[in-house]
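Colleague: Handing over data_2.tsv, TSV, C-alpha atoms.
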```tsv
chain	number	residue	atom	x	y	z
G	106	MET	CA	-173.03	-100.11	-15.74
G	107	ALA	CA	-169.36	-100.65	-15.02
G	108	ILE	CA	-168.19	-104.16	-14.24
G	109	THR	CA	-167.56	-104.31	-10.50
G	110	LYS	CA	-167.28	-108.02	-9.87
G	111	ILE	CA	-165.88	-110.95	-11.77
G	112	SER	CA	-166.88	-114.46	-10.80
G	113	ASN	CA	-165.97	-117.79	-12.33
G	114	SER	CA	-168.49	-119.71	-10.28
G	115	GLY	CA	-169.93	-122.51	-12.37
G	116	LEU	CA	-167.55	-121.94	-15.24
G	117	VAL	CA	-164.95	-124.42	-16.39
G	118	ASN	CA	-161.50	-123.14	-17.21
G	119	SER	CA	-162.74	-119.60	-16.82
G	120	LYS	CA	-160.68	-116.98	-18.51
G	121	TYR	CA	-162.06	-114.24	-16.28
G	122	SER	CA	-160.18	-115.01	-13.10
G	123	ASN	CA	-157.79	-112.09	-13.04
G	124	LEU	CA	-158.08	-108.60	-11.67
G	125	SER	CA	-157.10	-107.05	-14.96
G	126	ALA	CA	-160.41	-107.72	-16.65
G	127	ASP	CA	-161.41	-104.21	-15.54
G	128	ASN	CA	-160.05	-101.29	-17.52
G	129	ASN	CA	-159.00	-98.12	-15.69
G	130	TYR	CA	-159.75	-99.53	-12.25
G	131	MET	CA	-156.88	-97.62	-10.67
G	132	GLU	CA	-156.48	-93.90	-10.10
G	133	THR	CA	-153.29	-91.93	-9.69
G	134	ILE	CA	-152.85	-90.28	-6.30
G	135	ALA	CA	-149.23	-89.16	-6.08
G	136	SER	CA	-145.82	-89.93	-7.51
G	137	THR	CA	-142.26	-88.83	-7.05
G	138	LEU	CA	-139.21	-89.45	-9.22
G	139	LEU	CA	-136.13	-88.53	-7.25
G	140	THR	CA	-133.86	-85.99	-8.91
G	141	GLY	CA	-131.26	-86.49	-6.20
G	142	SER	CA	-130.78	-88.51	-3.04
G	143	ALA	CA	-133.44	-88.58	-0.35
G	144	SER	CA	-133.48	-89.97	3.16
G	145	SER	CA	-137.19	-90.78	2.94
G	146	VAL	CA	-140.32	-90.31	0.85
G	147	THR	CA	-143.64	-89.24	2.34
G	148	PHE	CA	-147.15	-89.55	0.99
G	149	SER	CA	-149.52	-87.41	3.04
G	150	ASN	CA	-153.15	-86.32	2.91
G	151	ILE	CA	-154.04	-89.64	1.27
G	152	PRO	CA	-157.64	-89.43	0.06
G	153	GLN	CA	-160.07	-91.86	1.61
G	154	GLY	CA	-162.30	-92.58	-1.35
G	155	TYR	CA	-160.75	-95.86	-2.57
G	156	LYS	CA	-161.03	-99.49	-1.61
G	157	HIS	CA	-157.30	-100.30	-1.53
G	158	LEU	CA	-153.99	-98.62	-2.21
G	159	GLN	CA	-151.10	-99.82	-4.31
G	160	VAL	CA	-147.55	-98.52	-4.09
G	161	ARG	CA	-145.31	-99.31	-7.04
G	162	HIS	CA	-141.70	-98.37	-6.46
G	163	THR	CA	-138.44	-98.93	-8.31
G	164	VAL	CA	-135.67	-98.05	-5.95
G	165	LYS	CA	-131.97	-97.89	-5.43
G	166	ALA	CA	-130.08	-96.64	-2.39
G	167	SER	CA	-126.58	-95.50	-1.61
G	168	LEU	CA	-126.13	-98.93	-0.01
G	169	ASP	CA	-126.94	-102.07	-1.97
G	170	ASP	CA	-129.78	-104.50	-1.25
G	171	GLN	CA	-131.45	-102.64	1.58
G	172	ASP	CA	-134.85	-103.28	3.10
G	173	VAL	CA	-137.38	-100.53	2.55
G	174	TRP	CA	-139.38	-99.63	5.63
G	175	VAL	CA	-142.77	-97.95	6.04
G	176	ASN	CA	-144.58	-96.23	8.89
G	177	PHE	CA	-148.22	-95.22	8.74
G	178	ASN	CA	-149.77	-92.04	10.17
G	179	GLY	CA	-146.55	-91.13	11.93
G	180	ASP	CA	-146.78	-94.15	14.21
G	181	THR	CA	-143.30	-95.31	15.25
G	182	GLY	CA	-144.46	-97.39	18.18
G	183	SER	CA	-144.11	-101.18	18.38
G	184	ASN	CA	-147.33	-101.67	16.47
G	185	TYR	CA	-146.24	-103.57	13.37
G	186	SER	CA	-145.46	-107.11	12.32
G	187	GLU	CA	-144.30	-108.77	9.14
G	188	HIS	CA	-143.69	-112.17	7.55
G	189	ARG	CA	-141.72	-113.05	4.48
G	190	ILE	CA	-140.48	-115.88	2.32
G	191	TYR	CA	-137.68	-115.24	-0.11
G	192	ALA	CA	-135.08	-116.79	-2.32
G	193	ASN	CA	-131.76	-115.75	-3.80
G	194	GLN	CA	-129.44	-116.74	-6.64
G	195	ALA	CA	-127.91	-119.56	-4.59
G	196	ALA	CA	-131.34	-121.20	-4.35
G	197	SER	CA	-131.47	-120.49	-0.65
G	198	ILE	CA	-135.07	-120.31	0.49
G	199	VAL	CA	-135.66	-118.49	3.74
G	200	SER	CA	-138.75	-117.63	5.71
G	201	GLY	CA	-138.95	-115.28	8.62
G	202	GLY	CA	-140.99	-112.78	10.50
G	203	ALA	CA	-141.04	-110.30	13.32
G	204	THR	CA	-143.65	-108.93	15.67
G	205	SER	CA	-143.96	-105.77	17.73
G	206	THR	CA	-141.69	-103.86	15.41
G	207	SER	CA	-141.61	-100.09	15.04
G	208	LYS	CA	-142.21	-100.25	11.28
G	209	ILE	CA	-143.00	-102.75	8.52
G	210	GLU	CA	-139.52	-103.75	7.46
G	211	TYR	CA	-140.22	-105.34	4.06
G	212	PHE	CA	-142.17	-102.76	2.12
G	213	GLY	CA	-139.59	-103.00	-0.62
G	214	ARG	CA	-136.03	-103.89	-1.50
G	215	THR	CA	-133.42	-101.69	-3.13
G	216	GLY	CA	-131.31	-102.97	-6.00
G	217	ALA	CA	-127.61	-103.75	-6.12
G	218	GLY	CA	-125.22	-102.71	-8.86
G	219	THR	CA	-125.10	-100.13	-11.62
G	220	ASN	CA	-128.51	-99.42	-13.18
G	221	VAL	CA	-130.08	-102.17	-11.05
G	222	PHE	CA	-133.15	-100.93	-9.21
G	223	GLY	CA	-135.36	-103.02	-6.98
G	224	ALA	CA	-138.85	-103.60	-8.40
G	225	ASN	CA	-141.59	-103.58	-5.78
G	226	VAL	CA	-145.39	-103.84	-6.03
G	227	VAL	CA	-147.19	-103.56	-2.70
G	228	ASP	CA	-150.91	-103.57	-1.95
G	229	ILE	CA	-152.40	-101.98	1.15
G	230	LEU	CA	-155.76	-103.59	1.67
G	231	ASP	CA	-158.86	-101.85	3.04
G	232	TYR	CA	-156.67	-98.91	4.04
G	233	SER	CA	-159.56	-96.63	4.97
G	234	ASN	CA	-161.68	-99.13	6.91
G	235	PRO	CA	-161.99	-97.99	10.57
G	236	ASN	CA	-162.86	-101.51	11.74
G	237	LYS	CA	-159.75	-103.38	10.59
G	238	ASN	CA	-156.07	-103.45	11.32
G	239	LYS	CA	-154.19	-102.65	8.13
G	240	THR	CA	-152.54	-105.34	6.01
G	241	ILE	CA	-149.98	-105.09	3.25
G	242	ARG	CA	-148.80	-107.71	0.81
G	243	GLY	CA	-146.04	-107.37	-1.71
G	244	ILE	CA	-143.66	-108.80	-4.26
G	245	LEU	CA	-140.13	-107.43	-4.02
G	246	ALA	CA	-137.25	-108.31	-6.32
G	247	TRP	CA	-133.95	-107.37	-7.99
G	248	ASP	CA	-131.39	-109.11	-10.20
G	249	ASN	CA	-127.97	-107.95	-11.41
G	250	ASN	CA	-127.14	-111.12	-13.35
G	251	SER	CA	-124.78	-112.20	-10.60
G	252	SER	CA	-126.92	-111.98	-7.50
G	253	ALA	CA	-130.70	-111.96	-7.28
G	254	PHE	CA	-133.42	-111.67	-4.71
G	255	VAL	CA	-137.18	-112.31	-4.86
G	256	MET	CA	-139.60	-112.11	-1.93
G	257	TYR	CA	-143.24	-112.49	-0.98
G	258	THR	CA	-144.00	-110.29	1.98
G	259	SER	CA	-146.92	-109.43	4.21
G	260	GLY	CA	-147.20	-106.99	7.05
G	261	CYS	CA	-149.68	-105.58	9.51
G	262	TRP	CA	-150.17	-102.29	11.28
G	263	TYR	CA	-152.14	-102.96	14.44
G	264	ASN	CA	-154.31	-99.91	14.22
G	265	THR	CA	-157.84	-99.51	12.89
G	266	ALA	CA	-157.34	-95.85	11.93
G	267	PRO	CA	-157.63	-95.09	8.22
G	268	ILE	CA	-154.24	-94.57	6.64
G	269	THR	CA	-153.74	-90.92	5.80
G	270	SER	CA	-149.97	-90.84	5.43
G	271	MET	CA	-146.94	-93.04	5.02
G	272	VAL	CA	-143.20	-92.49	5.36
G	273	ILE	CA	-140.97	-94.76	3.29
G	274	GLN	CA	-137.26	-95.02	4.02
G	275	PRO	CA	-134.32	-97.34	3.35
G	276	GLN	CA	-132.90	-99.52	6.08
G	277	GLY	CA	-129.52	-97.94	5.45
G	278	GLY	CA	-128.15	-95.12	3.33
G	279	THR	CA	-130.35	-92.82	1.27
G	280	PHE	CA	-132.59	-93.39	-1.73
G	281	SER	CA	-130.78	-92.68	-4.99
G	282	GLN	CA	-131.56	-90.45	-7.93
G	283	TYR	CA	-134.08	-91.93	-10.40
G	284	SER	CA	-135.84	-93.97	-7.72
G	285	ARG	CA	-139.57	-93.74	-8.29
G	286	PHE	CA	-142.44	-94.08	-5.81
G	287	SER	CA	-146.00	-94.05	-7.14
G	288	LEU	CA	-149.22	-94.29	-5.12
G	289	TYR	CA	-152.47	-95.47	-6.68
G	290	GLY	CA	-156.02	-95.88	-5.45
G	291	ILE	CA	-157.90	-99.02	-6.41
G	292	LYS	CA	-161.59	-98.51	-6.89
G	293	GLY	CA	-163.98	-101.06	-5.45
T	53	MET	CA	-154.53	-81.44	-10.07
T	54	ALA	CA	-157.24	-83.91	-11.09
T	55	LYS	CA	-156.73	-87.59	-10.43
T	56	THR	CA	-156.42	-89.74	-13.53
T	57	ALA	CA	-158.11	-93.07	-14.01
T	58	THR	CA	-155.41	-95.40	-15.17
T	59	TYR	CA	-154.63	-99.05	-15.98
T	60	SER	CA	-155.54	-98.48	-19.59
T	61	LEU	CA	-155.75	-101.22	-22.19
T	62	ILE	CA	-153.12	-100.55	-24.85
T	63	SER	CA	-153.54	-103.63	-27.00
T	64	SER	CA	-155.13	-107.08	-26.89
T	65	GLN	CA	-154.53	-110.25	-28.88
T	66	THR	CA	-156.29	-113.61	-28.92
T	67	THR	CA	-154.96	-116.72	-30.57
T	68	SER	CA	-156.99	-118.71	-33.05
T	69	GLY	CA	-155.98	-122.19	-34.09
T	70	SER	CA	-153.21	-124.03	-32.26
T	71	SER	CA	-150.08	-123.20	-34.23
T	72	THR	CA	-149.16	-119.74	-32.88
T	73	THR	CA	-145.82	-119.72	-31.08
T	74	VAL	CA	-144.92	-116.02	-30.99
T	75	ILE	CA	-146.91	-113.00	-29.80
T	76	THR	CA	-145.51	-109.49	-30.27
T	77	PHE	CA	-146.59	-106.12	-28.99
T	78	SER	CA	-144.85	-103.41	-30.95
T	79	SER	CA	-144.90	-99.62	-31.13
T	80	ILE	CA	-145.66	-99.47	-27.40
T	81	PRO	CA	-146.51	-95.87	-26.51
T	82	GLN	CA	-144.06	-94.19	-24.17
T	83	THR	CA	-146.68	-92.16	-22.32
T	84	PHE	CA	-147.20	-94.48	-19.35
T	85	THR	CA	-145.06	-95.22	-16.28
T	86	ASP	CA	-145.48	-98.98	-15.93
T	87	LEU	CA	-146.80	-101.75	-18.15
T	88	VAL	CA	-148.86	-104.73	-17.05
T	89	LEU	CA	-149.22	-107.73	-19.33
T	90	VAL	CA	-151.90	-110.29	-18.53
T	91	VAL	CA	-151.63	-113.65	-20.28
T	92	ASN	CA	-154.45	-116.11	-19.82
T	93	GLY	CA	-154.79	-119.47	-21.49
T	94	THR	CA	-153.25	-122.87	-22.06
T	95	ALA	CA	-150.47	-124.50	-23.99
T	96	VAL	CA	-151.17	-127.19	-26.57
T	97	SER	CA	-148.88	-129.55	-24.69
T	98	GLY	CA	-146.66	-129.72	-21.65
T	99	GLY	CA	-146.08	-126.87	-19.22
T	100	PRO	CA	-143.82	-124.69	-21.35
T	101	ASP	CA	-142.03	-121.53	-20.35
T	102	LEU	CA	-142.85	-118.22	-21.95
T	103	LYS	CA	-139.69	-116.49	-23.12
T	104	TYR	CA	-139.71	-112.70	-23.24
T	105	THR	CA	-137.47	-110.49	-25.31
T	106	PHE	CA	-137.55	-106.72	-25.61
T	107	ASN	CA	-136.93	-104.46	-28.58
T	108	SER	CA	-135.88	-107.49	-30.67
T	109	ASP	CA	-132.78	-107.95	-28.52
T	110	THR	CA	-131.77	-111.62	-28.67
T	111	GLY	CA	-128.34	-111.12	-27.18
T	112	SER	CA	-127.31	-112.75	-23.91
T	113	ASN	CA	-128.67	-109.84	-21.92
T	114	TYR	CA	-131.33	-111.47	-19.80
T	115	ALA	CA	-131.59	-113.16	-16.42
T	116	ARG	CA	-134.33	-114.80	-14.41
T	117	ILE	CA	-135.06	-116.00	-10.91
T	118	ALA	CA	-138.21	-118.01	-10.26
T	119	PHE	CA	-139.59	-118.96	-6.86
T	120	TYR	CA	-142.42	-121.45	-6.74
T	121	GLY	CA	-144.08	-124.20	-4.79
T	122	THR	CA	-145.48	-127.55	-5.88
T	123	GLY	CA	-147.67	-128.16	-2.86
T	124	SER	CA	-145.03	-130.29	-1.17
T	125	ALA	CA	-141.85	-128.27	-1.57
T	126	ALA	CA	-140.49	-124.88	-2.59
T	127	PHE	CA	-138.05	-124.42	-5.46
T	128	VAL	CA	-135.85	-121.77	-7.02
T	129	ALA	CA	-134.85	-121.63	-10.68
T	130	ARG	CA	-132.05	-119.34	-11.81
T	131	ASP	CA	-130.72	-118.38	-15.26
T	132	ILE	CA	-128.18	-115.73	-16.25
T	133	ASN	CA	-126.80	-114.50	-19.58
T	134	GLN	CA	-129.80	-115.80	-21.49
T	135	THR	CA	-131.10	-114.71	-24.92
T	136	GLY	CA	-134.50	-114.05	-23.38
T	137	THR	CA	-136.03	-114.22	-19.93
T	138	ASN	CA	-138.33	-117.18	-19.19
T	139	THR	CA	-140.62	-115.23	-16.92
T	140	GLY	CA	-143.84	-117.12	-17.31
T	141	TYR	CA	-145.42	-120.42	-18.23
T	142	LEU	CA	-148.65	-121.94	-19.44
T	143	GLY	CA	-150.07	-125.31	-18.46
T	144	THR	CA	-152.61	-127.46	-20.25
T	145	SER	CA	-155.23	-126.20	-17.80
T	146	ASN	CA	-155.96	-122.51	-17.61
T	147	THR	CA	-153.02	-120.46	-16.36
T	148	THR	CA	-152.92	-116.76	-15.59
T	149	ASN	CA	-149.69	-114.77	-15.84
T	150	ILE	CA	-149.67	-111.21	-14.51
T	151	LEU	CA	-146.47	-109.41	-15.41
T	152	ASN	CA	-145.50	-105.96	-14.19
T	153	VAL	CA	-142.90	-104.03	-16.15
T	154	PRO	CA	-142.16	-100.97	-14.00
T	155	ASP	CA	-140.55	-97.81	-15.37
T	156	TYR	CA	-140.42	-99.33	-18.83
T	157	SER	CA	-139.86	-96.04	-20.62
T	158	ASN	CA	-137.02	-94.62	-18.57
T	159	THR	CA	-133.52	-94.61	-19.99
T	160	THR	CA	-131.55	-94.84	-16.76
T	161	THR	CA	-132.35	-98.27	-15.32
T	162	TYR	CA	-132.21	-101.87	-16.42
T	163	LYS	CA	-135.67	-103.28	-17.02
T	164	ASN	CA	-137.51	-105.76	-14.83
T	165	ILE	CA	-140.50	-108.04	-15.16
T	166	VAL	CA	-142.09	-108.81	-11.81
T	167	ALA	CA	-144.51	-111.65	-12.45
T	168	ARG	CA	-147.04	-113.70	-10.57
T	169	ILE	CA	-148.13	-116.97	-12.14
T	170	ASN	CA	-150.47	-119.09	-10.06
T	171	ALA	CA	-148.34	-120.00	-7.00
T	172	ALA	CA	-145.05	-118.73	-8.40
T	173	ILE	CA	-143.26	-115.41	-8.54
T	174	TYR	CA	-140.66	-114.58	-11.15
T	175	LEU	CA	-138.26	-111.74	-11.72
T	176	GLY	CA	-136.92	-111.30	-15.22
T	177	THR	CA	-134.27	-108.71	-16.03
T	178	TRP	CA	-133.15	-107.17	-19.31
T	179	ARG	CA	-129.79	-105.50	-18.96
T	180	SER	CA	-130.52	-102.51	-21.10
T	181	THR	CA	-131.36	-98.92	-20.26
T	182	ALA	CA	-133.34	-98.51	-23.49
T	183	ALA	CA	-137.01	-97.67	-23.25
T	184	ILE	CA	-139.13	-100.70	-24.08
T	185	SER	CA	-140.93	-100.25	-27.37
T	186	SER	CA	-141.76	-103.87	-28.15
T	187	ILE	CA	-142.31	-107.11	-26.25
T	188	THR	CA	-142.15	-110.57	-27.80
T	189	LEU	CA	-143.49	-113.67	-26.03
T	190	THR	CA	-142.28	-116.97	-27.43
T	191	ILE	CA	-143.70	-120.20	-26.07
T	192	VAL	CA	-140.92	-122.74	-25.62
T	193	SER	CA	-141.27	-126.17	-27.28
T	194	SER	CA	-145.03	-125.95	-27.65
T	195	SER	CA	-147.67	-123.63	-29.12
T	196	TYR	CA	-150.44	-121.48	-27.74
T	197	ALA	CA	-153.86	-123.12	-27.67
T	198	SER	CA	-156.72	-121.39	-29.40
T	199	GLY	CA	-158.33	-118.69	-27.29
T	200	CYS	CA	-155.27	-117.56	-25.34
T	201	THR	CA	-155.58	-113.87	-24.50
T	202	PHE	CA	-152.76	-111.36	-24.18
T	203	LYS	CA	-153.67	-107.94	-22.81
T	204	LEU	CA	-151.18	-105.12	-22.45
T	205	TYR	CA	-152.11	-102.32	-20.06
T	206	GLY	CA	-150.43	-99.02	-19.29
T	207	ILE	CA	-150.34	-97.48	-15.81
T	208	GLU	CA	-149.70	-93.78	-15.63
T	209	ALA	CA	-148.26	-92.25	-12.48
T	210	TYR	CA	-149.52	-88.99	-11.05
T	211	LYS	CA	-148.12	-85.96	-12.83
```
What would the structure in this file look like if it were written as structure tokens?
Modeller:
Amino acid sequence: MAITKISNSGLVNSKYSNLSADNNYMETIASTLLTGSASSVTFSNIPQGYKHLQVRHTVKASLDDQDVWVNFNGDTGSNYSEHRIYANQAASIVSGGATSTSKIEYFGRTGAGTNVFGANVVDILDYSNPNKNKTIRGILAWDNNSSAFVMYTSGCWYNTAPITSMVIQPQGGTFSQYSRFSLYGIKG
Amino acid sequence: MAKTATYSLISSQTTSGSSTTVITFSSIPQTFTDLVLVVNGTAVSGGPDLKYTFNSDTGSNYARIAFYGTGSAAFVARDINQTGTNTGYLGTSNTTNILNVPDYSNTTTYKNIVARINAAIYLGTWRSTAAISSITLTIVSSSYASGCTFKLYGIEAYK
């Protein structure tokens, strides 16, 4: 029987408190490595057989340090919100948020400078559950040895529909060659 | 095309005794898209940083930004032009470090470590476009306690 649950209840200094105790608990769904510029990236016909989704993307755009936005199921209405806390190289710590937006505005961050791509790992939790609004959480970051940016982000799509598609686009400019967007299913 | 189960264990190490200060993963296969390194354990003393170097590069080619909270305040730590990136730490009580190394095998981008350690997030950067073939973790001014585990996983994107 495969291990499906890890619990450290009753254990002292448990060493089994991380998700990675399971081997091969993710499945590839789709991936694209840009061979040229692109105004957006779309994942469609997302299968519904997983517990959660994870999007791992390393991105650069024609403009530096851009937010990366996402819309689900073609919804561009004012049905999203997001919150974030982030820091930069000057040790400025900023928190913020927005409600009733037309997209989740912090699904990623593009890099700044030659060969500097933003590194983003975003989870979409319970994406196929028809009884819950959809939540994302992510870590977004880039560093070019002069400037740097690191962010915790969360967002919500106020819709209980299972997510079947997503459109990812930069706040400004176009995604650059060699940007990669990979979608994974997490088995539960 | 068939889906592929991924997040595959590449290599695992466990410390014995309390004198180990360096852990190395070498000959990393280039067949995955991302790497994930999970470090779980304690330091013999203090709350030392874990310093990462890639491909035996000890030049001043690394940077780090760390963002963490203590329960009463938030802090940022910043280093540039370092000989390794301090993108992790271990305490004297159990600490879990989960480090993502995306696109480790490409030869067009600088390399990042995106890490989550308890209540902190770190970004480490290696300013090299070389594919990562080895990772060295050096514990700073301490040693790894017995029983620390280091597990390197590969994540393969859809092809």
Colleague: Find the residue from G:Glu132, G:Asp169, G:Asp231, G:Asp180 that sits nearest to chain T; use all atoms listed in the file when measuring.
Modeller: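 The shortest atom-to-atom distance to chain T comes from G:Glu132.
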Colleague: Identify which of the residues T:Asn158, T:Ser185, T:Gln65, T:Thr58 lies closest to chain G, counting all atoms listed in the file when measuring atom-to-atom distances.
Modeller: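 Residue with the minimum atom-to-atom distance to chain G: T:Thr58.
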Colleague: Near Pro81 (chain T), counting all atoms listed in the file, which residues have an atom at most 10 Å away, once you skip same-chain residues fewer than 6 positions from it, shown as a ChimeraX atom specification?
Modeller: /T:62,157,184-186,206
Colleague: So that I have them on file, write out the residues from the current selection with C-alpha atoms, as a short mmCIF file (atom, residue, chain, number, x, y, z; two decimals), in the frame of the given file.
Modeller:
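Saved result, again17.cif, follows:
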```cif
data_model
loop_
_atom_site.label_atom_id
_atom_site.label_comp_id
_atom_site.auth_asym_id
_atom_site.auth_seq_id
_atom_site.Cartn_x
_atom_site.Cartn_y
_atom_site.Cartn_z
CA ILE T 62 -153.12 -100.55 -24.85
CA SER T 157 -139.86 -96.04 -20.62
CA ILE T 184 -139.13 -100.70 -24.08
CA SER T 185 -140.93 -100.25 -27.37
CA SER T 186 -141.76 -103.87 -28.15
CA GLY T 206 -150.43 -99.02 -19.29
#
```
Colleague: With a distance threshold of 9 Å and counting all atoms listed in the file, extract the residues of chain G near chain T and express them as a PyMOL selection string.
Modeller: chain G and resi 118-123+125+127-137+161-163+191-198+219-226+244-251+253-257+283+285+287-289
Colleague: Hey, can you check how far CA of Ala217 (chain G) sits from CA of Ser205 (chain G)?
Modeller: 29.0 Å
Colleague: Would you mind telling me which residue in T:Ser78, T:Ser63, T:Thr122, T:Ser97 lies nearest to Ala171 (chain T) when using all atoms listed in the file?
Modeller: T:Thr122
Colleague: Have a look at CA of Lys237 (chain G) and CA of Thr181 (chain G) and let me know their distance in Å, one decimal.
Modeller: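 Spanning CA of Lys237 (chain G) to CA of Thr181 (chain G) is a straight-line distance of 18.9 Å.
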Colleague: What is the CA of Thr279 (chain G) to CA of Asn178 (chain G) distance in Å?
Modeller: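 Answer for the CA of Thr279 (chain G) to CA of Asn178 (chain G) separation: 21.4 Å.
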Colleague: Can you work out which one of G:Val175, G:Val199, G:Leu158, G:Val164 has the shortest atom-to-atom distance to Ile229 (chain G), counting only C-alpha atoms?
Modeller: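 Of G:Val175, G:Val199, G:Leu158, G:Val164, the one nearest Ile229 (chain G) is G:Leu158, counting only C-alpha atoms.
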Colleague: Could you check which of G:Lys156, G:Lys292, G:Arg214, G:His188 is closest to Cys261 (chain G), using only C-alpha atoms?
Modeller: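 Counting only C-alpha atoms, the residue closest to Cys261 (chain G) is G:His188.
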Colleague: Identify, on the basis of all atoms listed in the file, every residue whose closest approach to region 264-267 of chain G does not exceed 8 Å; exclude the query and any residue fewer than 4 positions from it along the same chain; express the result as a PyMOL selection string.
Modeller: chain G and resi 153+184+232-239
Colleague: Neighbours of region 69-77 of chain T within 6 Å (only C-alpha atoms; same-chain residues fewer than 2 positions away dropped), as a PyMOL selection string?
Modeller: chain T and resi 186-191+195-198
Colleague: Using the structure just given, write a file holding N, CA and C atoms for region 232-247 of chain G, as a PDB file, in the first residue's frame.
Modeller:
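Result file follows (part-v3.pdb):
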```
ATOM      1  N   TYR G 232      -8.257  22.216  -6.568  1.00  0.00           N
ATOM      2  CA  TYR G 232      -8.665  22.899  -7.806  1.00  0.00           C
ATOM      3  C   TYR G 232      -9.925  22.314  -8.445  1.00  0.00           C
ATOM      4  N   SER G 233     -10.203  21.050  -8.145  1.00  0.00           N
ATOM      5  CA  SER G 233     -11.337  20.403  -8.816  1.00  0.00           C
ATOM      6  C   SER G 233     -12.552  20.253  -7.905  1.00  0.00           C
ATOM      7  N   ASN G 234     -12.465  20.783  -6.694  1.00  0.00           N
ATOM      8  CA  ASN G 234     -13.568  20.639  -5.738  1.00  0.00           C
ATOM      9  C   ASN G 234     -14.688  21.603  -6.090  1.00  0.00           C
ATOM     10  N   PRO G 235     -15.909  21.104  -6.345  1.00  0.00           N
ATOM     11  CA  PRO G 235     -17.016  21.984  -6.748  1.00  0.00           C
ATOM     12  C   PRO G 235     -17.708  22.679  -5.580  1.00  0.00           C
ATOM     13  N   ASN G 236     -17.166  22.512  -4.369  1.00  0.00           N
ATOM     14  CA  ASN G 236     -17.777  23.116  -3.186  1.00  0.00           C
ATOM     15  C   ASN G 236     -16.916  24.231  -2.581  1.00  0.00           C
ATOM     16  N   LYS G 237     -15.799  24.556  -3.218  1.00  0.00           N
ATOM     17  CA  LYS G 237     -14.881  25.528  -2.635  1.00  0.00           C
ATOM     18  C   LYS G 237     -14.475  26.566  -3.653  1.00  0.00           C
ATOM     19  N   ASN G 238     -14.344  27.807  -3.194  1.00  0.00           N
ATOM     20  CA  ASN G 238     -13.631  28.790  -3.993  1.00  0.00           C
ATOM     21  C   ASN G 238     -12.170  28.343  -4.101  1.00  0.00           C
ATOM     22  N   LYS G 239     -11.483  28.800  -5.108  1.00  0.00           N
ATOM     23  CA  LYS G 239     -10.150  28.270  -5.387  1.00  0.00           C
ATOM     24  C   LYS G 239      -9.051  29.184  -4.838  1.00  0.00           C
ATOM     25  N   THR G 240      -8.082  28.569  -4.179  1.00  0.00           N
ATOM     26  CA  THR G 240      -7.020  29.299  -3.494  1.00  0.00           C
ATOM     27  C   THR G 240      -5.671  28.953  -4.100  1.00  0.00           C
ATOM     28  N   ILE G 241      -4.836  29.952  -4.239  1.00  0.00           N
ATOM     29  CA  ILE G 241      -3.457  29.718  -4.650  1.00  0.00           C
ATOM     30  C   ILE G 241      -2.527  30.244  -3.565  1.00  0.00           C
ATOM     31  N   ARG G 242      -1.351  29.665  -3.489  1.00  0.00           N
ATOM     32  CA  ARG G 242      -0.305  30.197  -2.626  1.00  0.00           C
ATOM     33  C   ARG G 242       1.013  30.002  -3.362  1.00  0.00           C
ATOM     34  N   GLY G 243       1.920  30.952  -3.178  1.00  0.00           N
ATOM     35  CA  GLY G 243       3.147  30.858  -3.950  1.00  0.00           C
ATOM     36  C   GLY G 243       4.340  31.523  -3.305  1.00  0.00           C
ATOM     37  N   ILE G 244       5.512  31.143  -3.794  1.00  0.00           N
ATOM     38  CA  ILE G 244       6.765  31.814  -3.487  1.00  0.00           C
ATOM     39  C   ILE G 244       7.325  32.295  -4.812  1.00  0.00           C
ATOM     40  N   LEU G 245       7.601  33.583  -4.877  1.00  0.00           N
ATOM     41  CA  LEU G 245       8.079  34.216  -6.112  1.00  0.00           C
ATOM     42  C   LEU G 245       9.392  34.932  -5.811  1.00  0.00           C
ATOM     43  N   ALA G 246      10.366  34.853  -6.696  1.00  0.00           N
ATOM     44  CA  ALA G 246      11.638  35.497  -6.356  1.00  0.00           C
ATOM     45  C   ALA G 246      12.528  35.674  -7.574  1.00  0.00           C
ATOM     46  N   TRP G 247      13.428  36.678  -7.503  1.00  0.00           N
ATOM     47  CA  TRP G 247      14.527  36.838  -8.457  1.00  0.00           C
ATOM     48  C   TRP G 247      15.626  37.650  -7.802  1.00  0.00           C
TER      49      TRP G 247
END
```
